[in-house]
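Source file: entry.txt; contents: compact mmCIF, C-alpha atoms.
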```txt
# COMPACT_ATOMS: atom_id res chain seq x y z
CA MET A 1248 251.48 121.17 342.26
CA CYS A 1249 252.08 123.70 344.95
CA THR A 1250 252.77 127.35 345.03
CA ASN A 1251 253.86 129.30 348.00
CA MET A 1252 254.37 132.78 349.25
CA SER A 1253 255.48 134.62 352.32
CA PRO A 1254 253.04 137.46 352.85
CA GLY A 1255 253.61 140.30 355.17
CA LYS A 1256 256.73 141.48 353.47
CA THR A 1257 256.81 145.04 352.39
CA LEU A 1258 257.79 144.35 348.84
CA LEU A 1259 255.02 141.94 348.16
CA SER A 1260 252.44 144.38 347.01
CA ILE A 1261 254.95 146.09 344.77
CA ALA A 1262 255.99 142.72 343.40
CA GLY A 1263 252.35 141.87 342.80
CA ALA A 1264 251.89 145.01 340.80
CA ALA A 1265 255.02 144.24 338.87
CA VAL A 1266 253.76 140.77 338.11
CA VAL A 1267 250.55 142.21 336.77
CA ALA A 1268 252.56 144.56 334.63
CA ILE A 1269 254.73 141.76 333.33
CA PHE A 1270 251.75 139.58 332.55
CA ALA A 1271 250.07 142.48 330.82
CA LEU A 1272 253.12 142.86 328.67
CA GLY A 1273 253.03 139.19 327.86
CA ILE A 1274 256.55 138.48 329.00
CA ALA A 1275 255.79 136.52 332.13
CA PRO A 1276 257.85 133.40 332.53
CA SER A 1277 256.07 130.10 332.89
CA SER A 1278 255.70 129.45 336.58
CA ALA A 1279 253.78 127.50 339.16
CA ALA A 1280 250.09 127.90 338.61
CA GLU A 1281 247.09 125.65 338.69
CA ASP A 1282 246.93 125.59 334.94
CA GLY A 1283 250.62 124.90 334.59
CA PRO A 1284 252.18 122.02 332.76
CA SER A 1285 250.87 118.52 333.15
CA TYR A 1286 252.93 115.49 333.93
CA THR A 1287 252.66 112.09 332.38
CA LEU A 1288 252.17 109.26 334.78
CA ARG A 1289 255.22 107.04 335.15
CA GLN A 1290 256.82 108.61 332.13
CA SER A 1291 259.80 106.81 330.72
CA ILE A 1292 263.20 108.20 331.42
CA PRO A 1293 265.20 109.36 328.40
CA ALA A 1294 267.84 106.86 327.40
CA ALA A 1295 270.71 109.25 327.94
CA GLU A 1296 269.91 109.47 331.64
CA LYS A 1297 268.57 106.01 332.24
CA LEU A 1298 268.63 104.50 335.63
CA ARG A 1299 271.35 101.92 336.14
CA LEU A 1300 271.28 98.84 338.31
CA VAL A 1301 274.69 97.78 339.52
CA LEU A 1302 274.97 94.33 341.08
CA ASP A 1303 278.05 94.43 343.22
CA MET A 1304 278.74 90.78 343.94
CA SER A 1305 281.55 91.40 346.40
CA ARG A 1306 279.50 93.83 348.49
CA SER A 1307 276.23 91.92 347.99
CA GLU A 1308 274.43 95.11 347.11
CA ILE A 1309 272.27 96.23 344.21
CA SER A 1310 272.58 99.95 343.77
CA LEU A 1311 270.28 102.08 341.69
CA ARG A 1312 272.14 104.92 340.05
CA LEU A 1313 271.43 107.88 337.86
CA GLY A 1314 274.66 108.59 336.05
CA GLU A 1315 277.25 108.25 338.77
CA VAL A 1316 274.92 109.32 341.55
CA GLU A 1317 273.79 106.50 343.79
CA LEU A 1318 270.10 106.82 344.58
CA ARG A 1319 269.48 103.70 346.65
CA GLY A 1320 271.35 100.59 347.65
CA HIS A 1321 269.68 97.29 348.47
CA ALA A 1322 271.47 94.47 350.25
CA PHE A 1323 270.96 91.00 348.82
CA THR A 1324 272.06 87.45 349.45
CA VAL A 1325 272.94 85.07 346.67
CA THR A 1326 270.81 81.96 347.08
CA SER A 1327 272.02 80.12 343.98
CA ASP A 1328 274.56 77.49 344.86
CA SER A 1329 278.08 78.64 344.20
CA GLU A 1330 278.48 76.56 341.05
CA ALA A 1331 275.29 77.96 339.53
CA ALA A 1332 276.25 81.52 340.47
CA ALA A 1333 279.66 81.07 338.90
CA GLU A 1334 278.01 79.71 335.75
CA PHE A 1335 275.69 82.72 335.60
CA LEU A 1336 278.61 85.10 335.87
CA ARG A 1337 280.58 83.22 333.24
CA GLU A 1338 277.65 83.45 330.85
CA TRP A 1339 277.02 87.15 331.48
CA PRO A 1340 277.86 88.72 328.11
CA GLN A 1341 281.06 90.67 328.34
CA ASP A 1342 280.49 92.91 325.33
CA HIS A 1343 279.50 96.56 325.66
CA SER A 1344 281.18 96.79 329.05
CA ASP A 1345 279.03 93.90 330.28
CA GLU A 1346 275.97 96.14 330.33
CA GLN A 1347 272.54 94.68 329.65
CA ILE A 1348 269.11 96.26 329.70
CA VAL A 1349 266.19 94.99 331.75
CA GLU A 1350 263.73 93.93 329.10
CA SER A 1351 260.94 92.87 331.43
CA VAL A 1352 260.17 92.30 335.07
CA HIS A 1353 257.61 89.76 336.18
CA LEU A 1354 255.98 89.53 339.56
CA LEU A 1355 255.57 85.86 340.39
CA SER A 1356 253.99 86.18 343.81
CA ALA A 1357 253.08 88.99 346.14
CA ALA A 1358 251.80 89.76 349.60
CA MET A 1359 249.11 92.23 350.52
CA THR A 1360 250.52 94.96 352.70
CA ILE A 1361 247.43 96.66 354.02
CA SER A 1362 244.15 95.38 355.35
CA GLU A 1363 240.79 95.71 353.64
CA SER A 1364 239.62 98.12 356.34
CA GLU A 1365 242.64 100.31 355.77
CA LEU A 1366 242.01 100.16 352.05
CA ASN A 1367 238.47 101.37 352.69
CA VAL A 1368 239.68 104.31 354.74
CA ILE A 1369 242.13 105.29 352.02
CA GLY A 1370 239.46 104.84 349.40
CA GLU A 1371 237.08 107.15 351.25
CA GLU A 1372 239.71 109.82 351.67
CA THR A 1373 241.17 109.69 348.20
CA ALA A 1374 238.27 108.53 346.04
CA LEU A 1375 240.56 105.87 344.60
CA ASP A 1376 239.46 102.30 344.28
CA ALA A 1377 241.46 99.44 345.70
CA ASP A 1378 243.13 98.58 342.43
CA ASP A 1379 244.59 102.03 342.22
CA ILE A 1380 246.19 101.89 345.59
CA GLN A 1381 249.57 100.38 346.03
CA ARG A 1382 248.99 97.38 348.22
CA PHE A 1383 251.29 94.56 347.26
CA LEU A 1384 254.84 93.74 348.12
CA PRO A 1385 256.65 91.44 345.74
CA GLY A 1386 257.14 87.96 347.10
CA ARG A 1387 259.04 86.69 344.12
CA MET A 1388 259.95 88.26 340.81
CA VAL A 1389 262.30 87.85 337.91
CA LEU A 1390 264.20 90.40 335.88
CA ILE A 1391 264.89 89.37 332.29
CA THR A 1392 267.48 91.28 330.29
CA ASP A 1393 267.69 91.95 326.59
CA LYS A 1394 270.35 89.24 326.34
CA GLY A 1395 268.11 86.68 328.01
CA SER A 1396 269.81 86.64 331.39
CA ARG A 1397 267.46 86.06 334.32
CA ILE A 1398 267.79 87.28 337.86
CA TYR A 1399 265.30 85.79 340.31
CA ILE A 1400 264.58 87.79 343.40
CA ASP A 1401 262.94 86.21 346.42
CA THR A 1402 261.89 88.39 349.30
CA ASP A 1403 261.12 88.00 352.96
CA CYS A 1404 257.36 88.40 352.48
CA PRO A 1405 255.53 86.30 355.06
CA GLY A 1406 254.90 83.02 353.31
CA ALA A 1407 251.44 82.48 354.71
CA GLU A 1408 250.21 85.73 353.24
CA ALA A 1409 251.86 85.35 349.89
CA ILE A 1410 249.54 85.48 346.95
CA THR A 1411 250.59 83.59 343.87
CA LEU A 1412 249.75 85.48 340.76
CA GLU A 1413 248.59 82.71 338.48
CA ARG A 1414 248.32 84.91 335.46
CA MET A 1415 251.89 85.98 335.91
CA LYS A 1416 252.94 82.42 336.57
CA GLU A 1417 251.47 81.37 333.26
CA LEU A 1418 253.20 84.21 331.49
CA PHE A 1419 256.38 83.26 333.22
CA ARG A 1420 256.06 79.64 332.11
CA ARG A 1421 255.77 80.76 328.52
CA ILE A 1422 258.78 83.00 328.89
CA TRP A 1423 260.67 80.16 330.51
CA TYR A 1424 260.09 77.83 327.58
CA GLY A 1425 260.87 80.56 325.09
CA LEU A 1426 264.21 81.33 326.56
CA THR A 1427 267.40 79.66 325.60
CA ALA A 1428 269.59 81.52 328.04
CA GLY A 1429 271.56 79.52 330.54
CA GLU A 1430 271.77 79.48 334.28
CA PRO A 1431 269.76 82.15 336.14
CA LEU A 1432 270.94 83.91 339.27
CA HIS A 1433 268.85 83.59 342.43
CA ILE A 1434 269.10 86.25 345.09
CA SER A 1435 266.95 87.32 348.03
CA MET A 1436 266.36 90.65 349.69
CA ALA A 1437 263.97 92.50 352.00
CA ALA A 1438 260.45 92.93 350.63
CA ASP A 1439 260.54 96.72 350.91
CA ASP A 1440 263.77 96.81 348.93
CA ALA A 1441 262.25 94.48 346.35
CA MET A 1442 259.26 96.83 346.06
CA SER A 1443 261.58 99.65 345.16
CA LEU A 1444 263.50 97.47 342.74
CA TYR A 1445 260.31 96.17 341.16
CA GLY A 1446 259.25 99.71 340.31
CA ALA A 1447 262.63 100.89 339.15
CA ALA A 1448 263.18 97.77 337.03
CA ARG A 1449 260.05 98.55 335.04
CA THR A 1450 261.75 101.68 333.70
CA ARG A 1451 264.09 99.30 331.86
CA PRO A 1452 267.37 100.29 333.47
CA THR A 1453 270.71 98.99 332.35
CA VAL A 1454 272.27 96.28 334.48
CA THR A 1455 275.95 96.00 335.25
CA ILE A 1456 277.65 93.34 337.33
CA ARG A 1457 280.68 94.14 339.42
CA LEU A 1458 282.65 91.21 340.72
CA MET B 1005 261.81 154.52 326.43
CA ARG B 1006 259.23 154.89 329.19
CA LEU B 1007 257.92 151.38 328.47
CA ALA B 1008 261.41 149.91 328.64
CA ALA B 1009 262.05 151.65 331.93
CA SER B 1010 258.80 150.25 333.33
CA ILE B 1011 259.72 146.77 332.26
CA LEU B 1012 263.17 147.06 333.79
CA PHE B 1013 261.68 148.36 337.03
CA ALA B 1014 259.10 145.57 337.18
CA VAL B 1015 261.64 142.86 336.49
CA GLY B 1016 264.00 144.31 339.06
CA VAL B 1017 261.35 144.43 341.76
CA VAL B 1018 260.25 140.88 341.09
CA VAL B 1019 263.81 139.55 341.11
CA LEU B 1020 264.41 141.37 344.39
CA ALA B 1021 261.22 139.94 345.87
CA LEU B 1022 262.21 136.46 344.76
CA LEU B 1023 265.63 136.78 346.28
CA ILE B 1024 264.14 137.83 349.59
CA ASP B 1025 261.06 135.71 349.80
CA ARG B 1026 261.13 133.20 346.95
CA VAL B 1027 257.68 134.38 346.03
CA PRO B 1028 256.37 132.70 342.88
CA PHE B 1029 254.92 134.89 340.21
CA THR B 1030 251.33 133.79 340.23
CA THR B 1031 250.39 133.36 343.85
CA PRO B 1032 247.54 135.59 344.89
CA THR B 1033 247.75 137.76 347.97
CA PRO B 1034 246.27 136.02 351.01
CA SER B 1035 243.60 137.33 353.26
CA ALA B 1036 244.04 139.55 356.24
CA SER B 1037 244.65 136.47 358.39
CA ARG B 1038 248.33 136.84 357.49
CA PRO B 1039 249.61 133.28 357.54
CA SER B 1040 253.38 133.01 357.62
CA ALA B 1041 253.50 131.05 354.39
CA VAL B 1042 251.04 129.57 351.95
CA GLY B 1043 251.21 126.62 349.66
CA TYR B 1044 248.82 124.29 347.98
CA GLU B 1045 249.24 120.68 347.27
CA GLY B 1046 249.23 118.85 344.02
CA GLY B 1047 247.27 118.54 340.84
CA THR B 1048 248.11 119.64 337.35
CA LEU B 1049 245.56 120.49 334.75
CA GLN B 1050 245.20 118.10 331.83
CA PRO B 1051 245.95 118.07 329.02
CA GLY B 1052 249.23 119.89 328.76
CA GLY B 1053 252.76 119.55 327.56
CA GLU B 1054 254.86 116.80 329.00
CA VAL B 1055 257.45 117.83 331.50
CA ASP B 1056 260.61 115.83 331.23
CA GLY B 1057 262.36 116.10 334.52
CA TYR B 1058 265.58 114.59 333.21
CA SER B 1059 266.28 116.09 329.83
CA SER B 1060 265.45 119.75 330.26
CA PRO B 1061 268.52 121.99 330.06
CA GLU B 1062 268.28 122.69 333.78
CA ALA B 1063 268.02 118.97 334.64
CA ARG B 1064 270.98 118.19 332.40
CA ARG B 1065 273.00 120.87 334.11
CA LEU B 1066 272.11 119.47 337.51
CA LEU B 1067 272.84 115.91 336.40
CA SER B 1068 276.23 116.84 335.09
CA ARG B 1069 277.01 118.86 338.19
CA GLY B 1070 276.05 116.10 340.60
CA PRO B 1071 275.57 116.55 344.33
CA ARG B 1072 278.26 118.30 346.34
CA GLY B 1073 276.81 117.47 349.70
CA PRO B 1074 273.67 115.82 351.04
CA TYR B 1075 270.95 115.15 348.50
CA ILE B 1076 267.39 113.91 348.63
CA VAL B 1077 266.13 110.78 346.88
CA ILE B 1078 262.41 110.17 346.52
CA ASP B 1079 261.48 106.63 345.53
CA LYS B 1080 257.90 106.71 344.30
CA TYR B 1081 257.70 102.95 343.92
CA SER B 1082 258.21 102.18 347.57
CA ASN B 1083 257.24 105.60 348.94
CA ARG B 1084 260.54 106.21 350.63
CA LEU B 1085 262.48 109.44 351.00
CA LEU B 1086 266.19 109.40 351.67
CA LEU B 1087 268.52 112.17 352.69
CA ARG B 1088 271.94 110.91 351.87
CA THR B 1089 275.45 111.62 350.76
CA SER B 1090 277.46 109.57 348.31
CA LYS B 1091 278.82 107.63 351.30
CA ALA B 1092 275.95 107.26 353.75
CA VAL B 1093 272.20 107.45 354.25
CA LEU B 1094 271.41 110.16 356.81
CA LEU B 1095 267.65 109.66 356.86
CA GLU B 1096 265.36 107.03 355.40
CA ALA B 1097 261.73 107.92 355.89
CA ILE B 1098 258.40 106.53 354.81
CA CYS B 1099 256.62 109.10 352.70
CA SER B 1100 253.54 109.38 350.51
CA THR B 1101 253.77 110.43 346.90
CA GLY B 1102 251.24 111.24 344.19
CA SER B 1103 248.41 108.80 343.63
CA GLY B 1104 248.47 109.10 339.86
CA GLY B 1105 244.72 109.51 340.05
CA GLU B 1106 242.70 111.80 337.86
CA LEU B 1107 239.90 114.16 338.78
CA VAL B 1108 237.41 115.54 336.31
CA ASP B 1109 235.16 118.49 337.07
CA SER B 1110 231.84 117.41 335.62
CA LEU B 1111 230.64 121.01 335.46
CA THR B 1112 233.54 122.54 333.57
CA GLY B 1113 235.33 119.53 332.12
CA ARG B 1114 238.58 120.49 333.79
CA ARG B 1115 240.83 117.53 334.56
CA TRP B 1116 243.63 117.17 337.07
CA ARG B 1117 246.31 114.50 337.31
CA PHE B 1118 247.75 113.90 340.75
CA ASP B 1119 251.27 112.66 340.27
CA THR B 1120 254.68 113.51 341.67
CA PRO B 1121 256.99 114.55 338.83
CA ILE B 1122 260.10 112.49 338.27
CA GLY B 1123 263.44 114.05 337.49
CA VAL B 1124 266.19 116.00 339.15
CA PHE B 1125 265.30 119.20 340.96
CA THR B 1126 266.65 121.54 343.60
CA VAL B 1127 265.19 122.81 346.84
CA HIS B 1128 264.04 126.30 346.00
CA THR B 1129 261.94 127.13 349.05
CA LYS B 1130 261.97 126.46 352.77
CA LEU B 1131 258.90 127.52 354.71
CA LYS B 1132 257.98 127.32 358.38
CA ASN B 1133 254.36 127.01 359.45
CA PRO B 1134 253.03 126.84 355.90
CA TRP B 1135 249.38 127.40 355.20
CA TRP B 1136 247.57 125.49 352.50
CA ARG B 1137 245.89 127.55 349.87
CA LYS B 1138 243.28 125.15 348.55
CA PRO B 1139 243.23 125.07 344.77
CA ASP B 1140 240.04 124.60 342.79
CA TRP B 1141 240.37 120.83 342.67
CA ALA B 1142 240.16 120.59 346.46
CA PHE B 1143 236.62 121.93 346.29
CA VAL B 1144 235.70 120.00 343.15
CA GLU B 1145 236.92 116.81 344.81
CA ASP B 1146 234.64 117.43 347.78
CA GLY B 1147 231.71 118.40 345.59
CA LEU B 1148 231.77 121.97 346.87
CA PRO B 1149 231.52 125.21 344.89
CA VAL B 1150 234.83 126.94 344.26
CA PRO B 1151 234.87 129.99 346.56
CA THR B 1152 235.38 133.48 345.31
CA ASN B 1153 236.59 134.66 348.70
CA GLU B 1154 240.30 133.98 348.99
CA ALA B 1155 240.11 133.55 352.76
CA GLU B 1156 237.93 130.47 352.32
CA ARG B 1157 240.84 128.72 350.62
CA LEU B 1158 243.29 129.00 353.51
CA ASP B 1159 244.02 126.10 355.85
CA ASP B 1160 246.69 126.28 358.54
CA GLU B 1161 246.85 122.59 359.48
CA MET B 1162 247.08 120.48 356.36
CA MET B 1163 250.76 120.99 355.50
CA GLY B 1164 252.32 120.46 358.92
CA ASP B 1165 255.16 122.50 360.39
CA TYR B 1166 257.46 122.85 357.39
CA ALA B 1167 257.36 122.83 353.61
CA ILE B 1168 260.28 122.31 351.27
CA GLY B 1169 259.59 123.43 347.72
CA PHE B 1170 260.94 121.86 344.53
CA SER B 1171 260.04 121.58 340.83
CA ASP B 1172 257.24 123.88 339.69
CA GLY B 1173 256.16 124.49 343.22
CA TYR B 1174 255.72 120.93 344.45
CA PHE B 1175 256.43 120.55 348.14
CA ILE B 1176 257.72 118.07 350.66
CA HIS B 1177 255.57 118.81 353.69
CA GLY B 1178 253.83 117.35 356.73
CA THR B 1179 250.44 115.75 356.96
CA ILE B 1180 247.53 115.17 359.26
CA TYR B 1181 247.13 111.74 357.66
CA GLU B 1182 250.25 110.04 358.99
CA ARG B 1183 248.53 106.65 358.93
CA LEU B 1184 248.55 106.85 355.14
CA LEU B 1185 252.32 107.27 354.91
CA GLY B 1186 253.85 104.58 352.73
CA LYS B 1187 250.93 104.76 350.29
CA ALA B 1188 250.73 106.64 347.03
CA VAL B 1189 247.78 108.82 347.98
CA THR B 1190 248.77 112.48 347.60
CA HIS B 1191 247.84 115.06 345.02
CA GLY B 1192 251.46 115.33 343.86
CA CYS B 1193 253.36 116.64 346.84
CA VAL B 1194 255.44 114.43 349.09
CA ARG B 1195 254.21 113.95 352.64
CA LEU B 1196 256.41 113.08 355.61
CA ALA B 1197 255.85 112.39 359.29
CA ALA B 1198 256.49 115.42 361.51
CA GLU B 1199 259.74 114.18 363.02
CA ASP B 1200 261.26 113.18 359.68
CA LEU B 1201 260.15 116.45 358.14
CA LYS B 1202 261.91 118.48 360.83
CA MET B 1203 265.11 116.48 360.41
CA LEU B 1204 264.97 117.01 356.65
CA TYR B 1205 264.16 120.70 356.96
CA ASP B 1206 267.08 121.24 359.33
CA ASN B 1207 269.55 119.50 357.03
CA VAL B 1208 268.78 120.79 353.55
CA GLN B 1209 269.53 124.13 352.02
CA ILE B 1210 268.26 126.08 349.09
CA GLY B 1211 269.91 124.37 346.12
CA THR B 1212 270.05 120.87 347.64
CA LEU B 1213 269.52 118.37 344.83
CA ILE B 1214 266.41 116.19 344.77
CA TYR B 1215 266.20 113.06 342.63
CA VAL B 1216 262.71 111.68 342.08
CA TYR B 1217 262.14 108.37 340.35
```

Could I get this structure in the form of structure tokens?
Amino acid sequence: MCTNMSPGKTLLSIAGAAVVAIFALGIAPSSAAEDGPSYTLRQSIPAAEKLRLVLDMSRSEISLRLGEVELRGHAFTVTSDSEAAAEFLREWPQDHSDEQIVESVHLLSAAMTISESELNVIGEETALDADDIQRFLPGRMVLITDKGSRIYIDTDCPGAEAITLERMKELFRRIWYGLTAGEPLHISMAADDAMSLYGAARTRPTVTIRL
Amino acid sequence: MRLAASILFAVGVVVLALLIDRVPFTTPTPSASRPSAVGYEGGTLQPGGEVDGYSSPEARRLLSRGPRGPYIVIDKYSNRLLLRTSKAVLLEAICSTGSGGELVDSLTGRRWRFDTPIGVFTVHTKLKNPWWRKPDWAFVEDGLPVPTNEAERLDDEMMGDYAIGFSDGYFIHGTIYERLLGKAVTHGCVRLAAEDLKMLYDNVQIGTLIYVY
């Protein structure tokens, strides 16, 4: 949290005195201070203002929106064959304005993005250990909606550096067998875009498909 | 009657000062070194009430209003900052956001959480040549005693050339650690490279909407 001021102005000292007076009277508004409010890490977003993922099939873009405001747009390429993609779209439930909610997102493989030496430098400067520092880009992941639809996302992570997350793979296998939903959709996008999507998807946004 | 007049006078002076300088209520007066602006980065004391950046009355008002011009998007998951309109992205920059780490003062038991708040905010401050006023945690983190002399808290390099304030005083500012951009390593503020920061500073105004997720 930061506070700021622009000293050297003539009114400052008067304002300071006024602040003291206000605080003394117990009517000071809550404001930026070291012992101000705390924030919860990665807090969930209230349902009324949930993030929305809109897959625009004609523009080949996934946009992340808050209400009607577009926050980010990520270009993608459909890698399912056309028959499979058409099947996926046919099976996409059309009730409730075709909106589904991301129930879970699973990272299936990843690539390290920074070297061990860089990690060490960051660790020394921030007192964080390696696990606490963001260091992976998704290589492959899958979004699973509350209706059982699956959207696989492959990225352009360098294959040689990709790390397969066995634990996640095992989890994924169990999910796979537990699902009865039909054809998944396979898409690919840039790794940086997938990183953003991976994070946003974990807030359980709604998903809408636009044809 | 006299008390009421004093209160009115005090409130009036503070409102006037805020309009002119955007001076927050609790910032102490700096030393005689007279920096042009002072801020400090990150860290909120724990425990405390949750701040919901989306459902407060102010956030709801901003959400319903929507942007009328350029707006800022801060993506904490990929450490990217965008200045954009509804039609186009004007700037996409690599940034650094809060680490989410926690610091505990073993002597006093005070705890700080270093995270960037999510929600919808507005730019409420624009500062040139900001100074960093080191908060207590900066000394605790380095294992140093917290100084009683205010001048010992001031640092004229750490925040870069500009600072753009939002939320309860959080800032978008520069950094001397540009090699760490793209990583979630800050104490809550949002760091940008110097060139990107200047572009952003030149193209936002007080009131520009900021969406953080």

**OP:** Could you check which of B:Ile1214, B:Trp1136, B:Thr1120, B:Phe1170 is closest to Glu1154 of chain B, using all atoms listed in the file?
**Re:** B:Trp1136

Original post:
Quick one: of B:Ile1210, B:Leu1201, B:Ile1168, B:Val1189, who's nearest to Leu1375 of chain A, counting all atoms listed in the file?
Top reply: B:Val1189

**OP:** Work out how far atom CA of Arg1312 of chain A is from atom CA of Glu1350 of chain A, in Å to one decimal.
**Re:**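 Rounded to one decimal, the two atoms are 17.6 Å apart.
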
Original post:
Looking at all atoms listed in the file, which of B:Ile1176, B:Leu1158, B:Val1208, B:Ala1188 is the one that sits closest to chain A?
Top reply: B:Ala1188

Subject >> atom CA of His1191 of chain B to atom CA of Ala1097 of chain B, straight-line distance in Å >> reply: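 Separating atom CA of Ala1097 of chain B from atom CA of His1191 of chain B is a distance of 19.0 Å.
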
**OP:** Find the distance between atom CA of Ile1398 of chain A and atom CA of Phe1335 of chain A and write it in Å to one decimal.
**Re:**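 Answer for the atom CA of Ile1398 of chain A to atom CA of Phe1335 of chain A separation: 9.4 Å.
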
Subject >> Top pick for closest residue to chain B, considering A:Ser1364, A:Ser1443, A:Ser1435, A:Ser1310 and counting only C-alpha atoms >> reply: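 So, comparing all the options, the nearest one is A:Ser1443.
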
Find the smallest box with edges along x, y and z containing every listed atom of segment 1096-1102 of chain B, then add 5 Å on each side and report centre and edge lengths in Å to one decimal, as JSON.
```
{"center_x": 258.3, "center_y": 108.9, "center_z": 350.0, "size_x": 24.1, "size_y": 14.7, "size_z": 21.7}
```

**OP:** List the neighbours of Pro1452 of chain A out to 9 Å using all atoms listed in the file; skip same-chain residues closer than 3 positions along the sequence, and give me the result as a PyMOL selection string.
**Re:** chain A and resi 1294+1297-1300+1311+1347-1350+1447-1449

Show me the residues around (263.4, 95.7, 341.9) - criterion: an atom at most 10 Å away, all atoms listed in the file counted - as an mmCIF file with C-alpha atoms, keeping the file's coordinate frame.
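The resulting file, selection-v4.cif, is reproduced below:
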```cif
data_model
loop_
_atom_site.group_PDB
_atom_site.id
_atom_site.type_symbol
_atom_site.label_atom_id
_atom_site.label_comp_id
_atom_site.auth_asym_id
_atom_site.auth_seq_id
_atom_site.Cartn_x
_atom_site.Cartn_y
_atom_site.Cartn_z
ATOM 1 C CA LEU A 1300 271.280 98.840 338.310
ATOM 2 C CA ILE A 1309 272.270 96.230 344.210
ATOM 3 C CA LEU A 1311 270.280 102.080 341.690
ATOM 4 C CA HIS A 1321 269.680 97.290 348.470
ATOM 5 C CA VAL A 1352 260.170 92.300 335.070
ATOM 6 C CA LEU A 1354 255.980 89.530 339.560
ATOM 7 C CA PRO A 1385 256.650 91.440 345.740
ATOM 8 C CA MET A 1388 259.950 88.260 340.810
ATOM 9 C CA VAL A 1389 262.300 87.850 337.910
ATOM 10 C CA LEU A 1390 264.200 90.400 335.880
ATOM 11 C CA ILE A 1400 264.580 87.790 343.400
ATOM 12 C CA MET A 1436 266.360 90.650 349.690
ATOM 13 C CA ALA A 1438 260.450 92.930 350.630
ATOM 14 C CA ASP A 1439 260.540 96.720 350.910
ATOM 15 C CA ASP A 1440 263.770 96.810 348.930
ATOM 16 C CA ALA A 1441 262.250 94.480 346.350
ATOM 17 C CA MET A 1442 259.260 96.830 346.060
ATOM 18 C CA SER A 1443 261.580 99.650 345.160
ATOM 19 C CA LEU A 1444 263.500 97.470 342.740
ATOM 20 C CA TYR A 1445 260.310 96.170 341.160
ATOM 21 C CA GLY A 1446 259.250 99.710 340.310
ATOM 22 C CA ALA A 1447 262.630 100.890 339.150
ATOM 23 C CA ALA A 1448 263.180 97.770 337.030
ATOM 24 C CA ARG A 1449 260.050 98.550 335.040
ATOM 25 C CA TYR B 1081 257.700 102.950 343.920
#
```

**OP:** Around the point (262.6, 106.9, 349.1), in the coordinates given by the file, pick out the residues reaching within 8 Å, counting all atoms listed in the file, and return them as a PyMOL selection string.
**Re:** (chain A and resi 1319) or (chain B and resi 1077-1080+1082-1086+1096-1099)

Subject >> 10 Å contact set for Arg1397 of chain A, all atoms listed in the file, chain neighbours under 2 positions out, as a list in words >> reply: Phe1335, Val1349, Ser1351, Val1352, Val1389, Leu1390, Ile1391, Thr1392, Asp1393, Lys1394, Gly1395, Tyr1399, Ile1400, Trp1423, Leu1426, Ala1428, Gly1429, Glu1430, Pro1431, Leu1432 and His1433 of chain A

Subject >> Counting only C-alpha atoms, the option among B:Lys1138, B:Lys1187, B:Arg1072, B:Lys1132 closest to chain A >> reply: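 The shortest atom-to-atom distance to chain A comes from B:Lys1187.
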
Excluding Asp1140 of chain B and its own-chain neighbours fewer than 3 positions away, which residues fall within 9 Å of it when counting only C-alpha atoms? Please give them as a short mmCIF file (atom, residue, chain, number, x, y, z; two decimals) with C-alpha atoms, keeping the file's coordinate frame.
```cif
data_model
loop_
_atom_site.label_atom_id
_atom_site.label_comp_id
_atom_site.auth_asym_id
_atom_site.auth_seq_id
_atom_site.Cartn_x
_atom_site.Cartn_y
_atom_site.Cartn_z
CA GLU A 1281 247.09 125.65 338.69
CA PHE B 1143 236.62 121.93 346.29
CA VAL B 1144 235.70 120.00 343.15
CA GLU B 1145 236.92 116.81 344.81
CA PRO B 1149 231.52 125.21 344.89
CA VAL B 1150 234.83 126.94 344.26
CA PRO B 1151 234.87 129.99 346.56
CA ARG B 1157 240.84 128.72 350.62
#
```

**OP:** Find the residue from A:Asp1376, A:Glu1346, A:Glu1308, A:Glu1317 that sits nearest to chain B; use only C-alpha atoms when measuring.
**Re:**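 That would be A:Glu1317, the residue with the smallest distance to chain B.
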
**OP:** Find the residues around Thr1411 of chain A up to 12 Å (only C-alpha atoms counted), leave out those fewer than 5 positions away in its own chain, and share them as a list in words.
**Re:** Leu1354, Leu1355, Ser1356, Ala1357, Ala1358, Met1359, Phe1383, Leu1384, Pro1385, Gly1386, Arg1387, Met1388, Cys1404, Gly1406, Lys1416 and Glu1417 of chain A

Selection file, C-alpha atoms, as a PDB file, in the coordinates of the input:
```pdb
ATOM      1  CA  LEU A1354     255.980  89.530 339.560  1.00  0.00           C
ATOM      2  CA  LEU A1355     255.570  85.860 340.390  1.00  0.00           C
ATOM      3  CA  SER A1356     253.990  86.180 343.810  1.00  0.00           C
ATOM      4  CA  ALA A1357     253.080  88.990 346.140  1.00  0.00           C
ATOM      5  CA  ALA A1358     251.800  89.760 349.600  1.00  0.00           C
ATOM      6  CA  MET A1359     249.110  92.230 350.520  1.00  0.00           C
ATOM      7  CA  PHE A1383     251.290  94.560 347.260  1.00  0.00           C
ATOM      8  CA  LEU A1384     254.840  93.740 348.120  1.00  0.00           C
ATOM      9  CA  PRO A1385     256.650  91.440 345.740  1.00  0.00           C
ATOM     10  CA  GLY A1386     257.140  87.960 347.100  1.00  0.00           C
ATOM     11  CA  ARG A1387     259.040  86.690 344.120  1.00  0.00           C
ATOM     12  CA  MET A1388     259.950  88.260 340.810  1.00  0.00           C
ATOM     13  CA  CYS A1404     257.360  88.400 352.480  1.00  0.00           C
ATOM     14  CA  GLY A1406     254.900  83.020 353.310  1.00  0.00           C
ATOM     15  CA  LYS A1416     252.940  82.420 336.570  1.00  0.00           C
ATOM     16  CA  GLU A1417     251.470  81.370 333.260  1.00  0.00           C
TER      17      GLU A1417
END
```
